[in-house]
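Listing of my_file.cif, mmCIF, N, CA and C atoms
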data_target
#
loop_
_atom_site.label_atom_id
_atom_site.label_comp_id
_atom_site.auth_asym_id
_atom_site.auth_seq_id
_atom_site.Cartn_x
_atom_site.Cartn_y
_atom_site.Cartn_z
N MET A 1 31.70 -27.86 67.60
CA MET A 1 33.13 -27.80 67.35
C MET A 1 33.83 -27.48 68.66
N PRO A 2 34.61 -28.42 69.20
CA PRO A 2 35.34 -28.13 70.43
C PRO A 2 36.48 -27.14 70.19
N GLU A 3 36.66 -26.26 71.14
CA GLU A 3 37.74 -25.27 71.09
C GLU A 3 38.40 -25.19 72.46
N ARG A 4 39.66 -24.80 72.46
CA ARG A 4 40.39 -24.52 73.69
C ARG A 4 41.16 -23.22 73.50
N HIS A 5 41.10 -22.38 74.49
CA HIS A 5 41.89 -21.15 74.50
C HIS A 5 43.18 -21.45 75.24
N ALA A 6 44.29 -20.98 74.73
CA ALA A 6 45.59 -21.24 75.34
C ALA A 6 46.47 -20.02 75.17
N THR A 7 47.56 -20.00 75.93
CA THR A 7 48.54 -18.93 75.84
C THR A 7 49.90 -19.55 75.55
N VAL A 8 50.60 -19.00 74.59
CA VAL A 8 51.94 -19.48 74.24
C VAL A 8 52.89 -19.03 75.35
N MET A 9 53.53 -19.97 76.00
CA MET A 9 54.44 -19.64 77.11
C MET A 9 55.90 -19.92 76.78
N CYS A 10 56.19 -20.39 75.58
CA CYS A 10 57.57 -20.62 75.16
C CYS A 10 58.27 -19.26 75.08
N SER A 11 59.37 -19.11 75.80
CA SER A 11 60.03 -17.80 75.91
C SER A 11 60.50 -17.24 74.57
N GLN A 12 60.75 -18.08 73.61
CA GLN A 12 61.18 -17.63 72.28
C GLN A 12 60.04 -17.64 71.27
N GLY A 13 58.82 -17.87 71.72
CA GLY A 13 57.69 -17.98 70.80
C GLY A 13 57.74 -19.31 70.06
N LEU A 14 56.92 -19.46 69.06
CA LEU A 14 56.89 -20.70 68.30
C LEU A 14 57.80 -20.59 67.08
N HIS A 15 59.11 -20.52 67.33
CA HIS A 15 60.08 -20.56 66.23
C HIS A 15 60.24 -22.01 65.82
N ALA A 16 61.18 -22.32 64.97
CA ALA A 16 61.28 -23.62 64.31
C ALA A 16 61.23 -24.83 65.25
N ARG A 17 62.07 -24.89 66.24
CA ARG A 17 62.14 -26.09 67.08
C ARG A 17 60.85 -26.30 67.89
N PRO A 18 60.36 -25.30 68.64
CA PRO A 18 59.12 -25.52 69.37
C PRO A 18 57.92 -25.74 68.45
N ALA A 19 57.91 -25.09 67.30
CA ALA A 19 56.81 -25.30 66.35
C ALA A 19 56.81 -26.74 65.85
N ALA A 20 57.99 -27.28 65.58
CA ALA A 20 58.08 -28.68 65.14
C ALA A 20 57.63 -29.63 66.23
N THR A 21 58.01 -29.36 67.47
CA THR A 21 57.58 -30.19 68.60
C THR A 21 56.07 -30.17 68.72
N PHE A 22 55.49 -28.98 68.64
CA PHE A 22 54.03 -28.85 68.74
C PHE A 22 53.33 -29.52 67.56
N ALA A 23 53.85 -29.36 66.35
CA ALA A 23 53.25 -29.97 65.17
C ALA A 23 53.27 -31.50 65.26
N ARG A 24 54.36 -32.07 65.79
CA ARG A 24 54.42 -33.53 65.98
C ARG A 24 53.34 -34.00 66.95
N ALA A 25 53.13 -33.24 68.02
CA ALA A 25 52.10 -33.60 68.99
C ALA A 25 50.71 -33.50 68.35
N ALA A 26 50.49 -32.47 67.56
CA ALA A 26 49.20 -32.31 66.88
C ALA A 26 49.00 -33.42 65.84
N ALA A 27 50.06 -33.81 65.17
CA ALA A 27 49.98 -34.86 64.15
C ALA A 27 49.61 -36.21 64.75
N ALA A 28 49.86 -36.38 66.03
CA ALA A 28 49.52 -37.64 66.70
C ALA A 28 48.02 -37.76 66.94
N ALA A 29 47.29 -36.66 66.82
CA ALA A 29 45.84 -36.69 66.99
C ALA A 29 45.20 -37.38 65.79
N ASP A 30 44.09 -38.06 66.04
CA ASP A 30 43.39 -38.79 64.97
C ASP A 30 42.44 -37.91 64.17
N HIS A 31 42.50 -36.63 64.36
CA HIS A 31 41.57 -35.71 63.71
C HIS A 31 42.30 -34.41 63.36
N ALA A 32 41.68 -33.62 62.51
CA ALA A 32 42.26 -32.33 62.14
C ALA A 32 42.20 -31.38 63.33
N VAL A 33 43.27 -30.60 63.50
CA VAL A 33 43.34 -29.60 64.57
C VAL A 33 43.85 -28.31 63.94
N THR A 34 43.17 -27.21 64.27
CA THR A 34 43.62 -25.91 63.78
C THR A 34 44.04 -25.04 64.96
N ILE A 35 44.84 -24.05 64.66
CA ILE A 35 45.27 -23.07 65.65
C ILE A 35 45.17 -21.69 65.00
N ARG A 36 44.75 -20.71 65.78
CA ARG A 36 44.68 -19.35 65.26
C ARG A 36 44.87 -18.35 66.38
N LYS A 37 45.34 -17.17 65.98
CA LYS A 37 45.35 -16.06 66.93
C LYS A 37 43.89 -15.69 67.15
N THR A 38 43.59 -15.04 68.24
CA THR A 38 42.19 -14.73 68.54
C THR A 38 41.53 -13.89 67.45
N ASP A 39 42.31 -13.12 66.72
CA ASP A 39 41.74 -12.29 65.66
C ASP A 39 42.18 -12.73 64.26
N GLY A 40 42.65 -13.98 64.15
CA GLY A 40 43.22 -14.43 62.88
C GLY A 40 42.51 -15.61 62.27
N ASN A 41 43.03 -16.04 61.15
CA ASN A 41 42.50 -17.20 60.43
C ASN A 41 43.17 -18.48 60.93
N PRO A 42 42.42 -19.58 60.97
CA PRO A 42 43.00 -20.84 61.44
C PRO A 42 43.95 -21.46 60.42
N VAL A 43 44.97 -22.13 60.94
CA VAL A 43 45.90 -22.91 60.12
C VAL A 43 46.03 -24.29 60.74
N SER A 44 46.53 -25.23 59.99
CA SER A 44 46.71 -26.58 60.51
C SER A 44 47.77 -26.58 61.61
N ALA A 45 47.40 -27.16 62.75
CA ALA A 45 48.35 -27.28 63.86
C ALA A 45 49.37 -28.39 63.60
N LYS A 46 49.15 -29.16 62.55
CA LYS A 46 50.03 -30.28 62.22
C LYS A 46 51.17 -29.87 61.30
N SER A 47 51.20 -28.62 60.89
CA SER A 47 52.21 -28.13 59.94
C SER A 47 53.16 -27.14 60.63
N THR A 48 54.42 -27.52 60.71
CA THR A 48 55.43 -26.64 61.31
C THR A 48 55.48 -25.31 60.57
N LEU A 49 55.45 -25.36 59.26
CA LEU A 49 55.53 -24.13 58.47
C LEU A 49 54.33 -23.22 58.73
N MET A 50 53.14 -23.80 58.79
CA MET A 50 51.95 -22.99 59.05
C MET A 50 51.99 -22.39 60.46
N LEU A 51 52.46 -23.17 61.43
CA LEU A 51 52.60 -22.65 62.79
C LEU A 51 53.56 -21.47 62.82
N MET A 52 54.69 -21.61 62.14
CA MET A 52 55.67 -20.53 62.13
C MET A 52 55.12 -19.29 61.43
N SER A 53 54.23 -19.49 60.45
CA SER A 53 53.66 -18.35 59.72
C SER A 53 52.80 -17.46 60.62
N LEU A 54 52.34 -18.01 61.74
CA LEU A 54 51.53 -17.21 62.67
C LEU A 54 52.38 -16.20 63.44
N GLY A 55 53.68 -16.45 63.53
CA GLY A 55 54.57 -15.54 64.25
C GLY A 55 54.21 -15.41 65.72
N LEU A 56 53.86 -16.51 66.35
CA LEU A 56 53.41 -16.48 67.75
C LEU A 56 54.55 -16.17 68.71
N LYS A 57 54.32 -15.24 69.57
CA LYS A 57 55.29 -14.80 70.58
C LYS A 57 54.83 -15.24 71.96
N GLU A 58 55.75 -15.23 72.90
CA GLU A 58 55.42 -15.56 74.29
C GLU A 58 54.30 -14.64 74.79
N GLY A 59 53.31 -15.24 75.43
CA GLY A 59 52.20 -14.49 76.01
C GLY A 59 51.02 -14.28 75.08
N GLU A 60 51.15 -14.68 73.81
CA GLU A 60 50.03 -14.50 72.88
C GLU A 60 48.97 -15.57 73.09
N ALA A 61 47.72 -15.14 72.97
CA ALA A 61 46.58 -16.04 73.10
C ALA A 61 46.26 -16.67 71.75
N VAL A 62 45.91 -17.95 71.79
CA VAL A 62 45.52 -18.68 70.59
C VAL A 62 44.26 -19.49 70.89
N ILE A 63 43.64 -19.94 69.81
CA ILE A 63 42.48 -20.82 69.92
C ILE A 63 42.77 -22.08 69.12
N LEU A 64 42.66 -23.22 69.79
CA LEU A 64 42.80 -24.53 69.16
C LEU A 64 41.40 -25.05 68.90
N ALA A 65 41.18 -25.68 67.74
CA ALA A 65 39.85 -26.17 67.41
C ALA A 65 39.92 -27.41 66.55
N SER A 66 38.80 -28.16 66.55
CA SER A 66 38.66 -29.33 65.70
C SER A 66 37.19 -29.48 65.34
N ASP A 67 36.91 -30.04 64.18
CA ASP A 67 35.54 -30.34 63.78
C ASP A 67 35.04 -31.64 64.41
N ASP A 68 35.94 -32.41 64.98
CA ASP A 68 35.61 -33.70 65.59
C ASP A 68 35.17 -33.48 67.04
N GLU A 69 33.95 -33.87 67.35
CA GLU A 69 33.41 -33.66 68.70
C GLU A 69 34.16 -34.46 69.77
N THR A 70 34.95 -35.46 69.36
CA THR A 70 35.70 -36.27 70.33
C THR A 70 37.11 -35.73 70.57
N ALA A 71 37.41 -34.56 70.03
CA ALA A 71 38.78 -34.02 70.07
C ALA A 71 39.13 -33.33 71.39
N GLY A 72 38.21 -33.22 72.31
CA GLY A 72 38.47 -32.51 73.56
C GLY A 72 39.76 -32.89 74.27
N PRO A 73 40.00 -34.18 74.52
CA PRO A 73 41.24 -34.57 75.21
C PRO A 73 42.50 -34.17 74.45
N SER A 74 42.48 -34.30 73.12
CA SER A 74 43.64 -33.89 72.32
C SER A 74 43.87 -32.39 72.42
N LEU A 75 42.79 -31.61 72.35
CA LEU A 75 42.91 -30.17 72.47
C LEU A 75 43.42 -29.77 73.85
N ASP A 76 42.96 -30.48 74.88
CA ASP A 76 43.46 -30.21 76.24
C ASP A 76 44.97 -30.44 76.31
N HIS A 77 45.41 -31.56 75.73
CA HIS A 77 46.84 -31.90 75.73
C HIS A 77 47.65 -30.83 74.98
N LEU A 78 47.17 -30.41 73.82
CA LEU A 78 47.89 -29.41 73.03
C LEU A 78 47.91 -28.06 73.74
N ALA A 79 46.81 -27.70 74.38
CA ALA A 79 46.77 -26.44 75.13
C ALA A 79 47.78 -26.49 76.28
N ALA A 80 47.88 -27.64 76.93
CA ALA A 80 48.85 -27.79 78.02
C ALA A 80 50.28 -27.68 77.49
N LEU A 81 50.54 -28.23 76.31
CA LEU A 81 51.88 -28.13 75.71
C LEU A 81 52.26 -26.67 75.46
N LEU A 82 51.31 -25.88 75.01
CA LEU A 82 51.61 -24.47 74.74
C LEU A 82 51.98 -23.71 76.01
N ALA A 83 51.60 -24.24 77.16
CA ALA A 83 51.92 -23.61 78.44
C ALA A 83 53.31 -24.01 78.94
N THR A 84 54.08 -24.74 78.11
CA THR A 84 55.42 -25.17 78.49
C THR A 84 56.46 -24.49 77.59
N GLU A 85 57.71 -24.75 77.86
CA GLU A 85 58.80 -24.15 77.08
C GLU A 85 58.87 -24.75 75.66
N LEU A 86 58.49 -26.01 75.48
CA LEU A 86 58.42 -26.66 74.16
C LEU A 86 59.72 -26.73 73.39
N ASP A 87 60.82 -26.42 73.98
CA ASP A 87 62.08 -26.39 73.24
C ASP A 87 62.90 -27.62 73.54
N GLU A 88 62.81 -28.63 72.66
CA GLU A 88 63.62 -29.84 72.83
C GLU A 88 65.09 -29.52 72.55
N ARG A 89 65.95 -30.08 73.31
CA ARG A 89 67.38 -29.87 73.07
C ARG A 89 68.08 -31.18 72.94
#
Encoded form (structure tokens):
Amino acid sequence: MPERHATVMCSQGLHARPAATFARAAAAADHAVTIRKTDGNPVSAKSTLMLMSLGLKEGEAVILASDDETAGPSLDHLAALLATELDER
């Protein structure tokens, strides 16, 4: 199971707009992707509501994962997105 560790760098955390942006990017992947806090349970990265339920703040560490062994490039892309502001205007 490929995993990527990432840090949320969006200054406002993953509130509605950045969570929706991230969920759209995750939904573009051809496989299931989960996200979790390092000490938490995984949720679908493709669901804005589930992402918001994590209450992720700036600087928090997360783990992205997939059961698909070919998901590495998608996980890399999503980890890189979390290192940005993610706030579309």
Please list as a PyMOL selection string every residue within 6 Å of Ala32 of chain A, counting all atoms listed in the file and excluding residues in the same chain fewer than 6 positions away. chain A and resi 65-67
Result set of the PyMOL selection byres (((chain A and resi 21 and name CA) around 10) and name CA) on the coordinates above, as a list in words: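 Written out, the selection comes to Leu14, Ala16, Arg17, Pro18, Ala19, Ala20, Phe22, Ala23, Arg24, Ala25, Ala26, Ala27, Lys46, Thr48, Leu81, Leu86, Asp87 and Glu88 of chain A.
Among A:Cys10, A:Ile35, A:Pro2, A:Leu54, the residue with the shortest atom-to-atom distance to Thr70 of chain A, counting only N, CA and C atoms, is A:Pro2.
Of the listed residues A:Val33, A:Ala80, A:Ala28, A:Leu49, the one whose atoms come nearest to Asp68 of chain A is A:Val33, with distances taken using all atoms listed in the file.
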Select, from A:Ala6, A:Met1, A:Gln12, A:Leu82, the residue with the minimum atom-to-atom distance to Ala61 of chain A, counting only N, CA and C atoms.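 Looking at the shortest contact to Ala61 of chain A, the residue is A:Ala6.
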Could you tell me, as number ranges by chain, exactly which residues end up selected when the PyMOL selection byres ((chain A and resi 39) around 8) is applied to this structure? A: 36-38, 40-42, 61-63
Taking all atoms listed in the file into account, name the residue in A:Ala83, A:Ala71, A:Ala29, A:Met52 that is nearest to His15 of chain A.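 Closest residue, counting all atoms listed in the file: A:Met52.
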Nearest residue to Asp76 of chain A from the set A:Glu3, A:Ser53, A:Ser44, A:Gly13 (distances using all atoms listed in the file): A:Glu3
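Atom C of Asp30 of chain A sits 22.0 Å away from atom N of Thr7 of chain A.
Across the structure, atom CA of Ser74 of chain A and atom CA of Gly59 of chain A are spaced 21.5 Å apart.
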Every residue of chain A that DSSP places in helix (DSSP H, G or I), as a VMD selection string: chain A and resid 16 to 27 48 to 53 72 to 82
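Minimum atom-to-atom distance to Ser11 of chain A, evaluated using only C-alpha atoms, belongs to A:Leu56 out of A:Val43, A:Leu56, A:Leu78, A:Leu64.
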Build an axis-aligned box that encloses every atom of segment 35-41 of chain A listed in the file, pad it by 6 Å on each side, and report its centre and edge lengths in Å to one decimal, as JSON.
{"center_x": 43.4, "center_y": -18.2, "center_z": 64.5, "size_x": 15.8, "size_y": 23.8, "size_z": 20.1}
